[in-house]
Amino acid sequence: MINLSKRIPTSDVQKIKIGSEVIVAGWVEQSKLLGKLAFLKLRDREGYVQVVATSNYSKMKDLNSISRESVVSIRGRVKKSKARSGGKELELIELNLLSKAATPLPIEFLGNKIETDLSKRLDYRYIDLRHPQRLAIFKIRAIILSAIHSFMRESKFIEIQTSKLSGAGAEGGAELFELPYFGKKVALNQSQQLYKQLIMLSGFERAYEIGTSYRAEKSHTHRHLTEFWQLDVELSFINGIEDIMRLQERLLVYILRQVKKEGKSELELLGKEITVPKLPFPRINYSDACNLLKVKSNTDIGTELERKLAKIIKSKFKTDSFFLTNFPDDFTKFYAKHDENIGRYVDLIYNSNEISSGGQREHNYDILIQQIKDKGLRPKDFEFYTTPFKYGAPPHGGFGMGIDRLVTFILDLPNIREGVLFPRDVDRIGP
Ligand code: ATP
Ligand code: MG
């Protein structure tokens, strides 16, 4: 048996001296017999290596029976490749068939002339993800997450984990997923909003969480899922939304720089170049945005108008990243701090799409109660949220950034589902 603990990644073969023996393992992407030679194209996480069997290899016939996508281990000798100048390949010495793949494959995922449609690809996601470009997306996603953790730690934020089950929703009742809970009803969290604020009241001063949120939104768009990952950030003792914007723009630039630095080969594979925007990002007042868009000042700037605005900002400021600030009352939540009828709100638009929303929160108990009433809600229903504000609350604010959206729009993916391993939407709850 070939000793798997001695295995090296296929990409390392190129660094190994000609004549050395190595062990590799992976999926057989292609196999063909050409005259007296047999060729296997072996793929693993790091890339490919070509394996050639010559007449020295006695079990040539067995190679014929290896189906595409079977998993094998291979002991081979490094030699100069005839096909690739300067490249190396392996001459086959020994092969173990570790798992034979059934034929035909349920989907074609490589080299097919007609792309398999996304829904079918997601049905067989475990095969779809074998495509090196799909893997590259998730390698970049991991770089993004690691960059977020480094940035937040360097900026003195404490990482927190909060409950995903609660008795009420902070983002609006209609979009809750309710579950039975020992004879009562609970809901999956729509955001970490309440908890991250409670933590500010507890004196953590700066905290962040990366976790899932759930929204029963019946939307079939390129940027909505029912389960999504969110970076939630909250900080205390702020003067206003400027503090929140400064933090966010530095975070985005930090992430993009890290992706550019650590994700070079993945970006190349995906054919994507990253432009790191200049600081500071433009700050566009909501009413100015409406003027630029030539719409009434209290128009809801949804997906389409966001795109249009991004175009205008791009031509005016030569950037893909900007903040939309100071939202009219109609579009704010009860917990936002207001100046008259303008909410201290801020959205970050990147690559023509909203990737985060945030703002300063109202920390004064009496005003909070008044705002609940002003929104036509019943203070009694929000006691879980408001009572803690009776006992000492610092001025604070923060933002929630969609991780899946970040991945999608950094990489220019056509659909948010491409950037999530096992996406959940109105029609999909598996695999
Ligand atoms: P949108 O207007 O695009 O529906 P939203 O304003 O309802 O988003 P927020 O409540 O502001 O969303 O959530 C903060 C961030 O979380 C958003 O900016 C986005 O990046 C992400 N997000 C929100 N809802 C979803 C969703 N259904 N699927 C994926 N990401 C989401
Ligand atoms: Mg929003």
# chains A, B, ... in the order shown; residues from 1 in each chain; ligands from 1
$ residues_near_ligand --ligand "ligand 2" --cutoff "8 Å" --atoms "only C-alpha atoms and all ligand atoms" --output "list in words"
Asp347, Glu354, Ile355, Ser356, Ser357 and Gly358 of chain A
$ select_by_dssp --residues "region 71-178 of chain A" --states "helix (DSSP H, G or I)" --output "JSON, numbers by chain"
{"A": [118, 119, 120, 121, 122, 123, 125, 126, 127, 128, 132, 133, 134, 135, 136, 137, 138, 139, 140, 141, 142, 143, 144, 145, 146, 147, 148, 149, 150, 151, 152, 153, 154, 173, 174, 175]}
$ residues_around --residues "region 128-130 of chain A" --least-positions-apart "5" --cutoff "12 Å" --atoms "only C-alpha atoms" --output "JSON, numbers by chain"
{"A": [26, 27, 28, 29, 43, 44, 45, 46, 47, 69, 105, 106, 107, 108, 109, 110, 115, 116, 117, 118, 119, 120, 121, 122, 123, 135, 136, 137, 138, 139, 418, 419, 420, 421, 422]}
$ write_last_selection --atoms "C-alpha atoms" --output "PDB file, in the first residue's frame"
ATOM      1  CA  GLY A  26      -6.241  12.953  -5.631  1.00  0.00           C
ATOM      2  CA  TRP A  27      -8.958  12.686  -8.244  1.00  0.00           C
ATOM      3  CA  VAL A  28      -8.390  11.336 -11.741  1.00  0.00           C
ATOM      4  CA  GLU A  29      -9.696  14.080 -13.937  1.00  0.00           C
ATOM      5  CA  ARG A  43      -6.065  16.815  -9.414  1.00  0.00           C
ATOM      6  CA  ASP A  44      -5.812  17.697  -5.749  1.00  0.00           C
ATOM      7  CA  ARG A  45      -6.561  20.860  -3.787  1.00  0.00           C
ATOM      8  CA  GLU A  46      -3.385  22.567  -4.888  1.00  0.00           C
ATOM      9  CA  GLY A  47      -3.501  21.824  -8.603  1.00  0.00           C
ATOM     10  CA  GLU A  69     -13.172  11.329 -10.685  1.00  0.00           C
ATOM     11  CA  LEU A 105     -21.213  11.653 -13.088  1.00  0.00           C
ATOM     12  CA  PRO A 106     -24.498  13.308 -12.067  1.00  0.00           C
ATOM     13  CA  ILE A 107     -23.194  16.638 -13.379  1.00  0.00           C
ATOM     14  CA  GLU A 108     -20.390  17.720 -15.612  1.00  0.00           C
ATOM     15  CA  PHE A 109     -18.377  20.339 -13.842  1.00  0.00           C
ATOM     16  CA  LEU A 110     -15.264  20.776 -15.952  1.00  0.00           C
ATOM     17  CA  GLU A 115     -22.430  25.283 -18.350  1.00  0.00           C
ATOM     18  CA  THR A 116     -24.584  23.221 -16.011  1.00  0.00           C
ATOM     19  CA  ASP A 117     -27.193  25.576 -14.552  1.00  0.00           C
ATOM     20  CA  LEU A 118     -26.661  26.871 -11.038  1.00  0.00           C
ATOM     21  CA  SER A 119     -29.579  25.045  -9.472  1.00  0.00           C
ATOM     22  CA  LYS A 120     -28.377  21.662 -10.715  1.00  0.00           C
ATOM     23  CA  ARG A 121     -24.837  22.493  -9.697  1.00  0.00           C
ATOM     24  CA  LEU A 122     -26.091  23.240  -6.191  1.00  0.00           C
ATOM     25  CA  ASP A 123     -27.993  19.937  -6.087  1.00  0.00           C
ATOM     26  CA  LEU A 135     -12.480  26.110  -4.661  1.00  0.00           C
ATOM     27  CA  ALA A 136     -10.664  29.391  -5.347  1.00  0.00           C
ATOM     28  CA  ILE A 137     -13.775  31.311  -4.267  1.00  0.00           C
ATOM     29  CA  PHE A 138     -13.723  29.565  -0.899  1.00  0.00           C
ATOM     30  CA  LYS A 139     -10.005  30.036  -0.457  1.00  0.00           C
ATOM     31  CA  GLU A 418     -21.743  31.101  -5.724  1.00  0.00           C
ATOM     32  CA  GLY A 419     -19.978  32.370  -2.627  1.00  0.00           C
ATOM     33  CA  VAL A 420     -21.790  30.176  -0.077  1.00  0.00           C
ATOM     34  CA  LEU A 421     -21.027  26.476   0.306  1.00  0.00           C
ATOM     35  CA  PHE A 422     -24.570  25.262   0.882  1.00  0.00           C
TER      36      PHE A 422
END
$ residues_around --residues "Tyr335 (chain A)" --least-positions-apart "4" --cutoff "8 Å" --atoms "only C-alpha atoms" --output "list of chain:residue names"
A:Arg361, A:Glu362, A:Leu368, A:Gln371, A:Ile372
$ closest_residue --among "A:Ser85, A:Thr408, A:Thr386, A:Ser70" --to "ligand 1" --atoms "only C-alpha atoms and all ligand atoms"
A:Thr408
$ residues_near_ligand --ligand "ligand 1" --cutoff "9 Å" --atoms "only C-alpha atoms and all ligand atoms" --output "PyMOL selection string"
chain A and resi 171+190-191+213-217+219+223-232+301-303+347-349+353-358+399-406+416+425
$ residues_around --residues "Ala25 (chain A)" --least-positions-apart "4" --cutoff "9 Å" --atoms "only C-alpha atoms" --output "number ranges by chain"
A: 4, 7-10, 42-44, 71-75
$ residues_around --residues "region 272-286 of chain A" --least-positions-apart "5" --cutoff "10 Å" --atoms "only C-alpha atoms" --output "PyMOL selection string"
chain A and resi 242+245-246+248-250+252-257+259-260+264+266-267+291-292+297-301+313+317-328+342+345-348+350+410-412
$ closest_residue --among "A:His338, A:His363, A:Lys15, A:Arg344" --to "Asp243 (chain A)" --atoms "only C-alpha atoms"
A:Arg344
$ residues_around --residues "Glu94 (chain A)" --least-positions-apart "3" --cutoff "12 Å" --atoms "only C-alpha atoms" --output "list in words"
Met1, Ile2, Asn3, Glu21, Val22, Ile23, Val24, Ala25, Val51, Val52, Ala53, Thr54, Asn56, Tyr57, Ser58, Lys59, Met60, Asp62, Leu63, Val72, Ser73, Ile74, Arg75, Gly76, Arg77, Leu90, Glu91 and Leu97 of chain A
$ write_last_selection --atoms "N, CA and C atoms" --output "PDB file, in the first residue's frame"
ATOM      1  N   MET A   1       0.837  -1.207   0.000  1.00  0.00           N
ATOM      2  CA  MET A   1       0.000   0.000   0.000  1.00  0.00           C
ATOM      3  C   MET A   1       0.872   1.257   0.000  1.00  0.00           C
ATOM      4  N   ILE A   2       0.400   2.243  -0.707  1.00  0.00           N
ATOM      5  CA  ILE A   2       1.154   3.505  -0.746  1.00  0.00           C
ATOM      6  C   ILE A   2       0.917   4.253   0.575  1.00  0.00           C
ATOM      7  N   ASN A   3       2.013   4.729   1.153  1.00  0.00           N
ATOM      8  CA  ASN A   3       1.928   5.398   2.450  1.00  0.00           C
ATOM      9  C   ASN A   3       1.446   6.852   2.283  1.00  0.00           C
ATOM     10  N   GLU A  21      11.581   9.959  -6.113  1.00  0.00           N
ATOM     11  CA  GLU A  21      10.302   9.273  -6.027  1.00  0.00           C
ATOM     12  C   GLU A  21       9.382  10.067  -5.100  1.00  0.00           C
ATOM     13  N   VAL A  22       8.130  10.239  -5.487  1.00  0.00           N
ATOM     14  CA  VAL A  22       7.192  10.968  -4.620  1.00  0.00           C
ATOM     15  C   VAL A  22       5.847  10.233  -4.578  1.00  0.00           C
ATOM     16  N   ILE A  23       5.056  10.636  -3.572  1.00  0.00           N
ATOM     17  CA  ILE A  23       3.700  10.097  -3.459  1.00  0.00           C
ATOM     18  C   ILE A  23       2.713  11.259  -3.579  1.00  0.00           C
ATOM     19  N   VAL A  24       1.729  11.092  -4.442  1.00  0.00           N
ATOM     20  CA  VAL A  24       0.662  12.090  -4.573  1.00  0.00           C
ATOM     21  C   VAL A  24      -0.671  11.336  -4.520  1.00  0.00           C
ATOM     22  N   ALA A  25      -1.734  12.083  -4.311  1.00  0.00           N
ATOM     23  CA  ALA A  25      -3.053  11.446  -4.299  1.00  0.00           C
ATOM     24  C   ALA A  25      -4.096  12.488  -4.691  1.00  0.00           C
ATOM     25  N   VAL A  51       0.514  12.249 -14.863  1.00  0.00           N
ATOM     26  CA  VAL A  51       1.178  10.985 -14.538  1.00  0.00           C
ATOM     27  C   VAL A  51       1.227  10.153 -15.820  1.00  0.00           C
ATOM     28  N   VAL A  52       2.397   9.635 -16.129  1.00  0.00           N
ATOM     29  CA  VAL A  52       2.554   8.858 -17.358  1.00  0.00           C
ATOM     30  C   VAL A  52       2.939   7.432 -16.997  1.00  0.00           C
ATOM     31  N   ALA A  53       2.234   6.487 -17.579  1.00  0.00           N
ATOM     32  CA  ALA A  53       2.623   5.090 -17.383  1.00  0.00           C
ATOM     33  C   ALA A  53       3.278   4.597 -18.678  1.00  0.00           C
ATOM     34  N   THR A  54       4.466   4.040 -18.558  1.00  0.00           N
ATOM     35  CA  THR A  54       5.172   3.536 -19.733  1.00  0.00           C
ATOM     36  C   THR A  54       5.157   2.007 -19.667  1.00  0.00           C
ATOM     37  N   ASN A  56       7.256   0.221 -18.565  1.00  0.00           N
ATOM     38  CA  ASN A  56       7.819  -0.227 -17.277  1.00  0.00           C
ATOM     39  C   ASN A  56       6.720  -0.579 -16.285  1.00  0.00           C
ATOM     40  N   TYR A  57       5.553  -0.003 -16.513  1.00  0.00           N
ATOM     41  CA  TYR A  57       4.449  -0.222 -15.573  1.00  0.00           C
ATOM     42  C   TYR A  57       3.661  -1.449 -16.020  1.00  0.00           C
ATOM     43  N   SER A  58       3.615  -2.457 -15.142  1.00  0.00           N
ATOM     44  CA  SER A  58       3.111  -3.755 -15.595  1.00  0.00           C
ATOM     45  C   SER A  58       1.581  -3.844 -15.653  1.00  0.00           C
ATOM     46  N   LYS A  59       0.893  -2.978 -14.870  1.00  0.00           N
ATOM     47  CA  LYS A  59      -0.567  -3.149 -14.816  1.00  0.00           C
ATOM     48  C   LYS A  59      -1.301  -2.157 -15.716  1.00  0.00           C
ATOM     49  N   MET A  60      -0.750  -1.949 -16.874  1.00  0.00           N
ATOM     50  CA  MET A  60      -1.306  -0.981 -17.817  1.00  0.00           C
ATOM     51  C   MET A  60      -2.804  -1.178 -18.043  1.00  0.00           C
ATOM     52  N   ASP A  62      -5.111  -2.222 -16.094  1.00  0.00           N
ATOM     53  CA  ASP A  62      -5.951  -1.741 -14.991  1.00  0.00           C
ATOM     54  C   ASP A  62      -6.271  -0.251 -15.138  1.00  0.00           C
ATOM     55  N   LEU A  63      -5.363   0.468 -15.755  1.00  0.00           N
ATOM     56  CA  LEU A  63      -5.568   1.917 -15.871  1.00  0.00           C
ATOM     57  C   LEU A  63      -6.828   2.226 -16.678  1.00  0.00           C
ATOM     58  N   VAL A  72      -7.334   8.168  -6.318  1.00  0.00           N
ATOM     59  CA  VAL A  72      -6.194   7.256  -6.342  1.00  0.00           C
ATOM     60  C   VAL A  72      -5.016   7.837  -5.569  1.00  0.00           C
ATOM     61  N   SER A  73      -4.126   6.953  -5.141  1.00  0.00           N
ATOM     62  CA  SER A  73      -2.823   7.408  -4.681  1.00  0.00           C
ATOM     63  C   SER A  73      -1.791   6.854  -5.654  1.00  0.00           C
ATOM     64  N   ILE A  74      -0.729   7.595  -5.776  1.00  0.00           N
ATOM     65  CA  ILE A  74       0.250   7.263  -6.802  1.00  0.00           C
ATOM     66  C   ILE A  74       1.661   7.428  -6.271  1.00  0.00           C
ATOM     67  N   ARG A  75       2.481   6.410  -6.544  1.00  0.00           N
ATOM     68  CA  ARG A  75       3.914   6.564  -6.291  1.00  0.00           C
ATOM     69  C   ARG A  75       4.531   6.717  -7.678  1.00  0.00           C
ATOM     70  N   GLY A  76       5.354   7.740  -7.840  1.00  0.00           N
ATOM     71  CA  GLY A  76       5.900   7.977  -9.168  1.00  0.00           C
ATOM     72  C   GLY A  76       7.268   8.623  -9.097  1.00  0.00           C
ATOM     73  N   ARG A  77       7.936   8.611 -10.237  1.00  0.00           N
ATOM     74  CA  ARG A  77       9.275   9.218 -10.307  1.00  0.00           C
ATOM     75  C   ARG A  77       9.163  10.520 -11.087  1.00  0.00           C
ATOM     76  N   LEU A  90       5.108  12.889 -13.606  1.00  0.00           N
ATOM     77  CA  LEU A  90       5.487  11.701 -12.842  1.00  0.00           C
ATOM     78  C   LEU A  90       5.400  10.468 -13.714  1.00  0.00           C
ATOM     79  N   GLU A  91       6.406   9.637 -13.587  1.00  0.00           N
ATOM     80  CA  GLU A  91       6.299   8.330 -14.235  1.00  0.00           C
ATOM     81  C   GLU A  91       5.737   7.364 -13.204  1.00  0.00           C
ATOM     82  N   LEU A  97      -6.074   2.258  -6.186  1.00  0.00           N
ATOM     83  CA  LEU A  97      -7.399   2.838  -6.416  1.00  0.00           C
ATOM     84  C   LEU A  97      -8.095   2.924  -5.058  1.00  0.00           C
TER      85      LEU A  97
END
$ closest_residue --among "A:Ser265, A:Phe182, A:Arg428, A:Ala187" --to "Gly167 (chain A)" --atoms "only C-alpha atoms"
A:Ala187
$ closest_residue --among "A:Thr332, A:Ser99, A:Gln193, A:Ser352" --to "Glu306 (chain A)" --atoms "only C-alpha atoms"
A:Ser352
$ atom_distance --atom1 "CA of Lys373 (chain A)" --atom2 "CA of Glu340 (chain A)"
15.3 Å
$ atom_distance --atom1 "CA of Glu178 (chain A)" --atom2 "CA of Ser163 (chain A)"
14.8 Å
